[in-house]
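Text of the file start-v7.cif, holding mmCIF, C-alpha atoms and all ligand atoms:
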```cif
data_coords
loop_
_atom_site.label_atom_id
_atom_site.label_comp_id
_atom_site.auth_asym_id
_atom_site.auth_seq_id
_atom_site.Cartn_x
_atom_site.Cartn_y
_atom_site.Cartn_z
CA MET S 1 51.89 24.64 95.81
CA THR S 2 55.11 23.39 97.50
CA ALA S 3 58.72 24.20 96.60
CA HIS S 4 58.84 20.90 94.70
CA THR S 5 55.67 21.45 92.71
CA CYS S 6 56.01 20.64 89.04
CA TYR S 7 53.65 22.91 87.08
CA GLN S 8 52.14 20.97 84.19
CA LEU S 9 51.49 23.58 81.49
CA ALA S 10 50.80 23.54 77.76
CA VAL S 11 49.81 25.51 74.71
CA PHE S 12 46.89 24.23 72.60
CA GLY S 13 46.33 25.28 69.01
CA GLN S 14 46.78 24.26 65.41
CA PRO S 15 49.46 24.47 64.23
CA VAL S 16 51.60 24.77 67.38
CA HIS S 17 54.65 22.71 66.48
CA ASN S 18 56.59 25.95 65.78
CA SER S 19 55.29 27.74 68.89
CA LEU S 20 57.91 29.67 70.87
CA SER S 21 55.79 29.38 74.04
CA PRO S 22 57.45 26.20 75.45
CA ALA S 23 60.91 27.77 75.13
CA ILE S 24 59.73 31.06 76.64
CA HIS S 25 58.00 29.44 79.63
CA HIS S 26 60.91 27.07 80.30
CA ARG S 27 63.25 30.11 80.32
CA PHE S 28 60.96 31.93 82.77
CA ALA S 29 60.85 28.82 84.98
CA ARG S 30 64.63 28.47 85.02
CA ALA S 31 65.07 32.13 85.91
CA MET S 32 62.53 31.85 88.75
CA GLY S 33 63.85 28.49 90.02
CA LEU S 34 60.51 26.80 89.35
CA ASN S 35 59.84 23.31 88.02
CA VAL S 36 57.73 23.59 84.86
CA GLU S 37 56.82 21.13 82.13
CA TYR S 38 55.29 23.04 79.21
CA GLN S 39 54.17 21.12 76.12
CA ALA S 40 52.81 22.17 72.72
CA ILE S 41 49.65 20.15 71.98
CA GLU S 42 48.07 20.12 68.52
CA CYS S 43 44.31 20.60 68.87
CA PRO S 44 41.87 21.18 66.00
CA ALA S 45 38.87 23.48 66.36
CA GLY S 46 36.01 21.82 68.24
CA GLU S 47 38.22 19.52 70.31
CA LEU S 48 39.49 21.80 73.07
CA ALA S 49 37.03 20.66 75.78
CA GLY S 50 37.97 16.99 75.34
CA GLN S 51 41.69 17.71 75.22
CA LEU S 52 41.48 19.90 78.33
CA ASP S 53 39.83 17.00 80.23
CA THR S 54 42.70 14.71 79.30
CA PHE S 55 45.26 17.39 80.16
CA ARG S 56 43.61 17.98 83.55
CA LYS S 57 43.59 14.23 84.34
CA ARG S 58 47.35 14.21 83.68
CA GLY S 59 47.81 17.00 86.25
CA GLY S 60 47.55 20.06 83.98
CA THR S 61 47.00 23.27 85.94
CA GLY S 62 47.34 25.96 83.27
CA CYS S 63 47.56 26.44 79.55
CA ASN S 64 47.76 28.93 76.76
CA VAL S 65 45.34 28.73 73.87
CA THR S 66 46.09 30.01 70.42
CA LEU S 67 44.51 29.93 66.97
CA PRO S 68 41.94 28.63 66.18
CA LEU S 69 40.78 28.05 69.76
CA LYS S 70 40.67 31.47 71.43
CA HIS S 71 36.86 31.79 71.23
CA GLU S 72 36.26 28.14 72.07
CA ALA S 73 38.36 28.57 75.22
CA LEU S 74 35.67 30.83 76.68
CA ASP S 75 33.10 28.02 76.43
CA CYS S 76 35.42 25.70 78.38
CA ALA S 77 35.73 28.10 81.32
CA VAL S 78 33.65 28.26 84.52
CA ALA S 79 34.74 31.88 85.02
CA VAL S 80 35.83 34.52 82.52
CA ALA S 81 37.89 37.54 83.60
CA ALA S 82 36.95 40.99 82.27
CA CYS S 83 40.05 41.08 80.01
CA ALA S 84 38.78 37.96 78.21
CA SER S 85 35.06 38.74 78.12
CA ALA S 86 35.69 42.24 76.72
CA ALA S 87 37.93 40.71 74.04
CA GLY S 88 35.49 37.87 73.32
CA ALA S 89 38.47 35.52 73.40
CA ALA S 90 40.87 33.92 75.88
CA ASN S 91 44.52 32.96 75.49
CA THR S 92 45.14 31.70 79.04
CA LEU S 93 43.27 29.12 81.14
CA VAL S 94 44.11 28.46 84.78
CA TRP S 95 42.62 25.59 86.83
CA GLU S 96 41.20 26.92 90.09
CA ASN S 97 39.28 24.64 92.48
CA THR S 98 36.66 23.13 90.20
CA GLY S 99 37.20 24.49 86.72
CA TRP S 100 39.12 26.55 84.19
CA HIS S 101 39.29 30.31 84.63
CA ALA S 102 39.81 32.26 81.40
CA PHE S 103 42.03 35.31 80.89
CA ASN S 104 43.33 37.26 77.94
CA THR S 105 46.89 38.53 78.33
CA ASP S 106 47.37 39.72 74.72
CA GLY S 107 46.28 43.30 75.37
CA ALA S 108 48.34 43.57 78.56
CA GLY S 109 51.29 42.12 76.61
CA LEU S 110 50.98 44.75 73.90
CA VAL S 111 50.65 47.61 76.38
CA ALA S 112 53.65 46.35 78.40
CA ASP S 113 55.76 46.16 75.25
CA LEU S 114 54.70 49.63 74.11
CA LYS S 115 55.70 50.96 77.53
CA ARG S 116 59.04 49.13 77.30
CA ASN S 117 59.53 50.97 74.00
CA HIS S 118 58.65 54.31 75.68
CA CYS S 119 55.53 54.63 73.55
CA ALA S 120 52.86 56.50 75.53
CA LEU S 121 49.20 55.70 74.93
CA SER S 122 47.07 58.15 76.87
CA ASP S 123 47.79 61.28 74.80
CA HIS S 124 48.38 59.49 71.50
CA ARG S 125 46.36 59.17 68.34
CA ILE S 126 46.33 55.49 67.42
CA LEU S 127 45.33 53.66 64.24
CA ILE S 128 44.87 49.89 64.12
CA VAL S 129 45.07 48.29 60.69
CA GLY S 130 43.00 45.09 60.75
CA ALA S 131 39.78 44.04 62.45
CA GLY S 132 40.13 40.31 63.13
CA GLY S 133 40.48 38.29 66.32
CA ALA S 134 43.87 39.79 67.15
CA VAL S 135 42.35 43.28 67.13
CA ALA S 136 39.39 42.24 69.29
CA GLY S 137 41.97 40.86 71.75
CA ILE S 138 44.03 44.05 72.10
CA LEU S 139 41.23 46.64 72.00
CA PRO S 140 40.16 46.37 75.69
CA ALA S 141 43.66 47.13 76.99
CA LEU S 142 44.21 49.99 74.53
CA ILE S 143 40.82 51.54 75.35
CA GLU S 144 41.55 51.23 79.07
CA HIS S 145 44.48 53.63 78.51
CA GLN S 146 42.15 56.24 76.99
CA PRO S 147 44.13 57.28 73.91
CA ALA S 148 43.45 60.71 72.44
CA GLY S 149 41.97 58.91 69.42
CA LEU S 150 41.62 55.30 68.31
CA ASP S 151 40.67 54.47 64.71
CA LEU S 152 40.37 51.22 62.79
CA SER S 153 41.07 50.58 59.13
CA ASN S 154 40.30 47.22 57.55
CA ARG S 155 39.92 45.83 54.03
CA ASN S 156 36.48 44.56 54.98
CA ARG S 157 35.00 47.73 56.47
CA ASP S 158 31.97 45.91 57.91
CA LYS S 159 34.20 44.07 60.37
CA ALA S 160 35.68 47.35 61.61
CA ASP S 161 32.15 48.82 61.87
CA ARG S 162 31.08 45.83 63.97
CA LEU S 163 33.94 46.41 66.43
CA ARG S 164 33.06 50.12 66.59
CA ASP S 165 29.43 49.21 67.33
CA HIS S 166 30.47 46.69 69.97
CA TRP S 167 32.41 49.40 71.85
CA ARG S 168 29.92 52.22 71.16
CA ASN S 169 28.84 52.75 74.79
CA ARG S 170 32.36 52.75 76.17
CA PHE S 171 34.61 54.37 73.55
CA ASP S 172 34.15 56.32 70.35
CA LEU S 173 36.19 54.29 67.86
CA GLY S 174 36.65 55.74 64.38
CA VAL S 175 36.60 53.72 61.17
CA ILE S 176 38.66 55.06 58.27
CA ASP S 177 40.17 54.00 54.97
CA ALA S 178 43.11 55.23 52.90
CA THR S 179 40.95 57.98 51.35
CA THR S 180 39.63 59.42 54.65
CA SER S 181 41.05 62.81 55.52
CA VAL S 182 42.59 62.47 59.00
CA ALA S 183 45.42 64.00 61.03
CA ALA S 184 48.58 61.86 61.21
CA TYR S 185 48.81 59.16 63.88
CA ASP S 186 51.39 58.80 66.66
CA LEU S 187 51.11 55.02 66.68
CA ILE S 188 49.96 52.66 63.92
CA ILE S 189 49.41 49.03 64.91
CA GLN S 190 49.62 46.53 62.05
CA ALA S 191 47.32 43.66 62.98
CA THR S 192 46.59 41.91 59.68
CA SER S 193 47.93 38.51 58.68
CA LEU S 194 49.50 39.85 55.46
CA GLY S 195 53.11 39.83 56.72
CA HIS S 196 53.06 36.03 56.60
CA ARG S 197 52.61 36.35 52.83
CA GLY S 198 55.40 38.89 52.47
CA LEU S 199 52.94 41.80 52.06
CA VAL S 200 51.83 44.97 53.83
CA PRO S 201 48.20 46.12 54.00
CA LYS S 202 47.14 49.33 52.29
CA LEU S 203 48.76 52.14 54.31
CA SER S 204 48.64 55.83 53.50
CA ASP S 205 51.64 58.18 53.76
CA HIS S 206 49.19 60.80 55.08
CA TRP S 207 48.87 58.77 58.27
CA LEU S 208 52.51 59.43 59.15
CA HIS S 209 54.37 62.26 60.83
CA GLU S 210 58.11 62.23 61.59
CA GLU S 211 57.68 60.58 64.98
CA THR S 212 55.03 58.03 64.04
CA ILE S 213 55.78 54.55 65.37
CA LEU S 214 54.64 51.50 63.42
CA TYR S 215 54.02 48.54 65.72
CA ASP S 216 53.64 45.17 64.03
CA LEU S 217 51.91 42.30 65.83
CA ASN S 218 54.08 40.07 63.60
CA TYR S 219 57.70 39.23 64.32
CA GLY S 220 60.53 37.40 62.52
CA PRO S 221 60.23 37.13 58.73
CA ALA S 222 56.55 38.17 58.86
CA HIS S 223 57.62 41.59 60.18
CA GLN S 224 60.04 42.27 57.32
CA PRO S 225 57.52 43.72 54.81
CA LEU S 226 56.35 46.38 57.28
CA GLN S 227 59.91 47.06 58.44
CA HIS S 228 60.91 47.67 54.82
CA TRP S 229 57.87 49.94 54.23
CA ALA S 230 58.75 51.96 57.36
CA GLU S 231 62.44 52.23 56.46
CA GLN S 232 61.57 53.60 53.02
CA ARG S 233 59.63 56.39 54.75
CA GLY S 234 62.14 57.04 57.54
CA VAL S 235 59.80 56.09 60.39
CA ALA S 236 60.40 53.66 63.24
CA SER S 237 58.95 50.15 63.31
CA ILE S 238 58.79 47.68 66.18
CA ASP S 239 58.09 43.95 65.80
CA GLY S 240 55.71 41.98 68.02
CA LEU S 241 58.31 39.72 69.66
CA GLY S 242 58.20 41.83 72.82
CA MET S 243 54.42 41.51 72.96
CA LEU S 244 54.76 37.73 72.63
CA VAL S 245 57.13 37.61 75.60
CA GLU S 246 55.10 40.08 77.69
CA GLN S 247 51.81 38.21 77.17
CA ALA S 248 53.64 35.01 78.15
CA ALA S 249 55.04 36.70 81.28
CA SER S 250 51.49 37.70 82.31
CA ALA S 251 50.26 34.15 81.67
CA PHE S 252 53.21 32.68 83.63
CA ALA S 253 52.29 34.92 86.57
CA ARG S 254 48.72 33.55 86.41
CA PHE S 255 50.04 29.95 86.30
CA THR S 256 52.57 30.20 89.13
CA GLY S 257 51.89 33.37 91.11
CA CYS S 258 55.41 34.60 90.18
CA ARG S 259 55.96 37.36 87.62
CA PRO S 260 59.17 36.72 85.62
CA GLU S 261 61.43 39.37 84.12
CA SER S 262 60.74 39.59 80.39
CA GLN S 263 63.80 41.46 79.08
CA PRO S 264 66.38 38.60 79.41
CA VAL S 265 64.04 36.19 77.58
CA LEU S 266 63.33 38.78 74.89
CA ASP S 267 67.08 39.35 74.39
CA TRP S 268 67.64 35.60 74.12
CA LEU S 269 64.77 35.13 71.63
CA GLN S 270 65.91 38.07 69.52
CA ALA S 271 69.42 36.60 69.32
CA ARG S 272 67.97 33.19 68.46
CA LEU S 273 65.82 34.57 65.65
CA ASN S 274 68.69 36.72 64.31
CA SER S 275 71.01 33.72 64.14
CA ARG S 276 68.61 31.79 61.90
CA PRO S 277 69.68 31.63 58.25
P1 LIG S 301 43.42 37.19 63.44
O1 LIG S 301 42.52 36.43 64.35
O2 LIG S 301 44.85 36.76 63.50
O3 LIG S 301 43.26 38.66 63.55
P2 LIG S 301 41.69 37.08 61.16
O4 LIG S 301 40.51 37.17 62.05
O5 LIG S 301 41.65 36.12 60.02
O6 LIG S 301 43.00 36.71 61.97
O7 LIG S 301 42.03 38.55 60.61
C1 LIG S 301 43.04 38.74 59.72
C2 LIG S 301 43.15 40.23 59.42
O8 LIG S 301 44.03 40.37 58.29
C3 LIG S 301 41.82 40.86 59.01
O9 LIG S 301 41.81 42.21 59.41
C4 LIG S 301 41.88 40.74 57.49
O10 LIG S 301 41.09 41.67 56.79
P3 LIG S 301 39.59 41.26 56.33
O11 LIG S 301 38.75 41.39 57.57
O12 LIG S 301 39.26 42.25 55.29
O13 LIG S 301 39.67 39.85 55.82
C5 LIG S 301 43.33 41.06 57.24
N1 LIG S 301 43.72 40.56 55.92
C6 LIG S 301 43.93 39.29 55.54
N2 LIG S 301 44.25 39.24 54.23
C7 LIG S 301 44.25 40.54 53.77
C8 LIG S 301 44.50 41.15 52.51
N3 LIG S 301 44.83 40.44 51.42
N4 LIG S 301 44.40 42.51 52.42
C9 LIG S 301 44.06 43.25 53.49
N5 LIG S 301 43.81 42.72 54.73
C10 LIG S 301 43.90 41.38 54.85
#
```
Show me the file's structure as structure tokens.
Ligand code: ATR
Amino acid sequence: MTAHTCYQLAVFGQPVHNSLSPAIHHRFARAMGLNVEYQAIECPAGELAGQLDTFRKRGGTGCNVTLPLKHEALDCAVAVAACASAAGAANTLVWENTGWHAFNTDGAGLVADLKRNHCALSDHRILIVGAGGAVAGILPALIEHQPAGLDLSNRNRDKADRLRDHWRNRFDLGVIDATTSVAAYDLIIQATSLGHRGLVPKLSDHWLHEETILYDLNYGPAHQPLQHWAEQRGVASIDGLGMLVEQAASAFARFTGCRPESQPVLDWLQARLNSRP
């Protein structure tokens, strides 16, 4: 790539018209002095391969992939990095030589944001509430940090059991519900989609101690229900905006070879979201 290279990037998904990714990547590019064109492209399930061909013919060299295409992205790749194969999903595709290489930066994004918030992982007891695609995506990075304990709780217990079975040979995940007798957790990660409906999943007060941190994969209005729940109990909650920016920073580094600073973009996004009526 020369100094004048224009990186043709995009995010594919449905819906993506409200995606913050173009704004985030353009901010990174400006800060790094790089020329980037980053588009949001609507793509229904089943059409990613065809759309990637068109994108590549127009000069596309890298893209992010979001719902509902994160599994499909693996099938479009000629090589799958361990972070994506362990998650069973990819959120980043980079064109290298003859084909797309798949990565998953969600887990790294979460871990980076937890570190930014001074939340240790290795000696912590962690509970994840949820067992969908988002959880599958973050589990490899969390497990890599060898927490003192890592449990799952999900409305549909079978899905949590399946994740536990998938990881059986590498990590001893626990599966609990609100009635299980357990010691309190240091970190609880909210990974259900309920915040988008103004709700919180079933959470037990017994899971909390004074220093418990609630981390929500949601941000903006979708984080408010959990924030309210945490405030009522006097515990800290963190929204997932930092994870969004950190996973984008990891993807940007894959696209361009340059790792941008995430904090200025996070500050800007936070101010932008706060100023919305
Ligand atoms: P994603 O890929 O974003 O994780 P998903 O695979 O649809 O999306 O998973 C959504 C998560 O939200 C799941 O853990 C789901 O629980 P179920 O597996 O029991 O469906 C959880 N969820 C959605 N609606 C819920 C509800 N009303 N109560 C509790 N959990 C809910």
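Reported to one decimal place, the separation of CA of Gly240 in chain S from CA of His228 in chain S is 15.3 Å.
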Inset, instruction - Might you pull out every residue within 10 Å of Leu67 in chain S, with only C-alpha atoms counted and same-chain residues fewer than 3 positions away left off, and present them as a list in words? - result: Phe12, Gly13, Gln14, Pro15, Val16, Cys43, Pro44, Ala45, Lys70, His71, Glu72, Asn91, Gly133 and Ala134 of chain S
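Reported to one decimal place, the separation of CA of Val78 in chain S from CA of Arg162 in chain S is 27.2 Å.
As for CA of Ser262 in chain S and CA of Ala112 in chain S, they are spaced 10.0 Å apart.
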Legend entry - Surrounding residues of Gly132 in chain S excluding itself and chain neighbours under 5 positions, 10 Å, only C-alpha atoms, as number ranges by chain: S: 137, 154, 156, 159-160, 163, 191-193
Compile the contact shell of Ser275 in chain S as a compact mmCIF listing (two decimals) with C-alpha atoms, keeping the file's coordinate frame: residues with an atom at most 12 Å away, counting all atoms listed in the file, same-chain residues fewer than 6 positions apart removed.
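Contents of the output file around.txt:
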```
# COMPACT_ATOMS: atom_id res chain seq x y z
CA GLY S 220 60.53 37.40 62.52
CA TRP S 268 67.64 35.60 74.12
CA LEU S 269 64.77 35.13 71.63
```
The centre and edge lengths of an axis-aligned box containing all atoms of ligand LIG 301 (chain S) present in the file, extended by 8 Å on each side, are to be given in Å to one decimal, as AutoDock Vina command-line options.
```
--center_x 41.8 --center_y 39.7 --center_z 57.9 --size_x 22.1 --size_y 23.1 --size_z 28.9
```
Inset, instruction - Identify, on the basis of all atoms listed in the file, every residue whose closest approach to Gly198 in chain S does not exceed 7 Å; exclude the query and any residue fewer than 2 positions from it along the same chain; express the result as a ChimeraX atom specification. - result: /S:194-196,222,225
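Proximity to Phe255 in chain S was assessed for S:Ala10, S:Arg30, S:Thr212, S:Val94 counting all atoms listed in the file; the smallest distance is recorded for S:Val94.
Considering only C-alpha atoms, the residue among S:Asn35, S:Thr54, S:Ser85, S:Ser19 positioned nearest to Thr66 in chain S is S:Ser19.
Every protein or nucleic acid residue with an atom no more than 12 Å from Asn117 in chain S, counting all atoms listed in the file and leaving out same-chain residues fewer than 2 positions away, appears here: Leu110, Val111, Ala112, Asp113, Leu114, Lys115, Cys119, Ala120, Leu121, Leu187, Ile213, Leu214, Tyr215, Ala236, Ser237, Ile238, Asp239, Gly240, Gly242, Met243 and Gln263 of chain S.
Closest to Leu217 in chain S among S:Gly107, S:Gln39, S:Asn97, S:Asp161 is S:Gly107, based on all atoms listed in the file.
Minimum atom-to-atom distances from S:Gln146, S:Asp75, S:His209, S:Ala141 to Val235 in chain S were compared using all atoms listed in the file, and the lowest value belongs to S:His209.
Residue nearest Leu20 in chain S within the list S:Cys258, S:Ser250, S:Val245, S:Gly50: S:Val245 [criterion: smallest interatomic distance, all atoms listed in the file].
Shortest atom-to-atom contact with Arg164 in chain S among S:Ala136, S:Ile24, S:Asn274, S:Ala148: S:Ala136, counting only C-alpha atoms.
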Provide range 219-239 of chain S rebuilt to N, CA, C and O atoms, formatted as an mmCIF file, in the coordinates of the input.
```cif
data_model
loop_
_atom_site.group_PDB
_atom_site.id
_atom_site.type_symbol
_atom_site.label_atom_id
_atom_site.label_comp_id
_atom_site.auth_asym_id
_atom_site.auth_seq_id
_atom_site.Cartn_x
_atom_site.Cartn_y
_atom_site.Cartn_z
ATOM 1 N N TYR S 219 56.266 39.161 64.033
ATOM 2 C CA TYR S 219 57.700 39.230 64.320
ATOM 3 C C TYR S 219 58.413 38.251 63.369
ATOM 4 O O TYR S 219 57.772 37.495 62.642
ATOM 5 N N GLY S 220 59.755 38.292 63.407
ATOM 6 C CA GLY S 220 60.530 37.400 62.520
ATOM 7 C C GLY S 220 60.295 37.787 61.072
ATOM 8 O O GLY S 220 60.020 38.961 60.758
ATOM 9 N N PRO S 221 60.371 36.824 60.156
ATOM 10 C CA PRO S 221 60.230 37.130 58.730
ATOM 11 C C PRO S 221 58.901 37.833 58.393
ATOM 12 O O PRO S 221 58.855 38.656 57.478
ATOM 13 N N ALA S 222 57.857 37.553 59.149
ATOM 14 C CA ALA S 222 56.550 38.170 58.860
ATOM 15 C C ALA S 222 56.535 39.664 59.144
ATOM 16 O O ALA S 222 55.624 40.382 58.709
ATOM 17 N N HIS S 223 57.526 40.146 59.891
ATOM 18 C CA HIS S 223 57.620 41.590 60.180
ATOM 19 C C HIS S 223 58.376 42.330 59.077
ATOM 20 O O HIS S 223 58.254 43.560 58.947
ATOM 21 N N GLN S 224 59.145 41.595 58.277
ATOM 22 C CA GLN S 224 60.040 42.270 57.320
ATOM 23 C C GLN S 224 59.334 43.192 56.319
ATOM 24 O O GLN S 224 59.833 44.285 56.025
ATOM 25 N N PRO S 225 58.172 42.804 55.762
ATOM 26 C CA PRO S 225 57.520 43.720 54.810
ATOM 27 C C PRO S 225 57.197 45.081 55.431
ATOM 28 O O PRO S 225 57.453 46.120 54.804
ATOM 29 N N LEU S 226 56.682 45.092 56.653
ATOM 30 C CA LEU S 226 56.350 46.380 57.280
ATOM 31 C C LEU S 226 57.631 47.153 57.634
ATOM 32 O O LEU S 226 57.691 48.379 57.473
ATOM 33 N N GLN S 227 58.635 46.415 58.099
ATOM 34 C CA GLN S 227 59.910 47.060 58.440
ATOM 35 C C GLN S 227 60.475 47.783 57.213
ATOM 36 O O GLN S 227 60.905 48.938 57.292
ATOM 37 N N HIS S 228 60.408 47.102 56.074
ATOM 38 C CA HIS S 228 60.910 47.670 54.820
ATOM 39 C C HIS S 228 60.102 48.919 54.449
ATOM 40 O O HIS S 228 60.658 49.958 54.091
ATOM 41 N N TRP S 229 58.775 48.819 54.567
ATOM 42 C CA TRP S 229 57.870 49.940 54.230
ATOM 43 C C TRP S 229 58.210 51.145 55.117
ATOM 44 O O TRP S 229 58.288 52.281 54.647
ATOM 45 N N ALA S 230 58.439 50.880 56.418
ATOM 46 C CA ALA S 230 58.750 51.960 57.360
ATOM 47 C C ALA S 230 60.113 52.575 57.048
ATOM 48 O O ALA S 230 60.260 53.809 57.050
ATOM 49 N N GLU S 231 61.087 51.730 56.762
ATOM 50 C CA GLU S 231 62.440 52.230 56.460
ATOM 51 C C GLU S 231 62.421 53.154 55.241
ATOM 52 O O GLU S 231 63.076 54.192 55.219
ATOM 53 N N GLN S 232 61.648 52.776 54.245
ATOM 54 C CA GLN S 232 61.570 53.600 53.020
ATOM 55 C C GLN S 232 61.032 54.993 53.323
ATOM 56 O O GLN S 232 61.280 55.933 52.591
ATOM 57 N N ARG S 233 60.250 55.104 54.413
ATOM 58 C CA ARG S 233 59.630 56.390 54.750
ATOM 59 C C ARG S 233 60.309 57.062 55.948
ATOM 60 O O ARG S 233 59.839 58.092 56.437
ATOM 61 N N GLY S 234 61.374 56.437 56.447
ATOM 62 C CA GLY S 234 62.140 57.040 57.540
ATOM 63 C C GLY S 234 61.404 57.072 58.870
ATOM 64 O O GLY S 234 61.667 57.947 59.698
ATOM 65 N N VAL S 235 60.477 56.143 59.081
ATOM 66 C CA VAL S 235 59.800 56.090 60.390
ATOM 67 C C VAL S 235 60.176 54.788 61.105
ATOM 68 O O VAL S 235 60.616 53.821 60.475
ATOM 69 N N ALA S 236 59.969 54.799 62.427
ATOM 70 C CA ALA S 236 60.400 53.660 63.240
ATOM 71 C C ALA S 236 59.374 52.526 63.170
ATOM 72 O O ALA S 236 58.169 52.782 63.110
ATOM 73 N N SER S 237 59.870 51.290 63.186
ATOM 74 C CA SER S 237 58.950 50.150 63.310
ATOM 75 C C SER S 237 59.451 49.229 64.414
ATOM 76 O O SER S 237 60.645 49.117 64.648
ATOM 77 N N ILE S 238 58.484 48.607 65.076
ATOM 78 C CA ILE S 238 58.790 47.680 66.180
ATOM 79 C C ILE S 238 58.075 46.366 65.863
ATOM 80 O O ILE S 238 56.904 46.388 65.456
ATOM 81 N N ASP S 239 58.776 45.230 66.050
ATOM 82 C CA ASP S 239 58.090 43.950 65.800
ATOM 83 C C ASP S 239 57.375 43.470 67.066
ATOM 84 O O ASP S 239 57.542 44.048 68.138
#
```
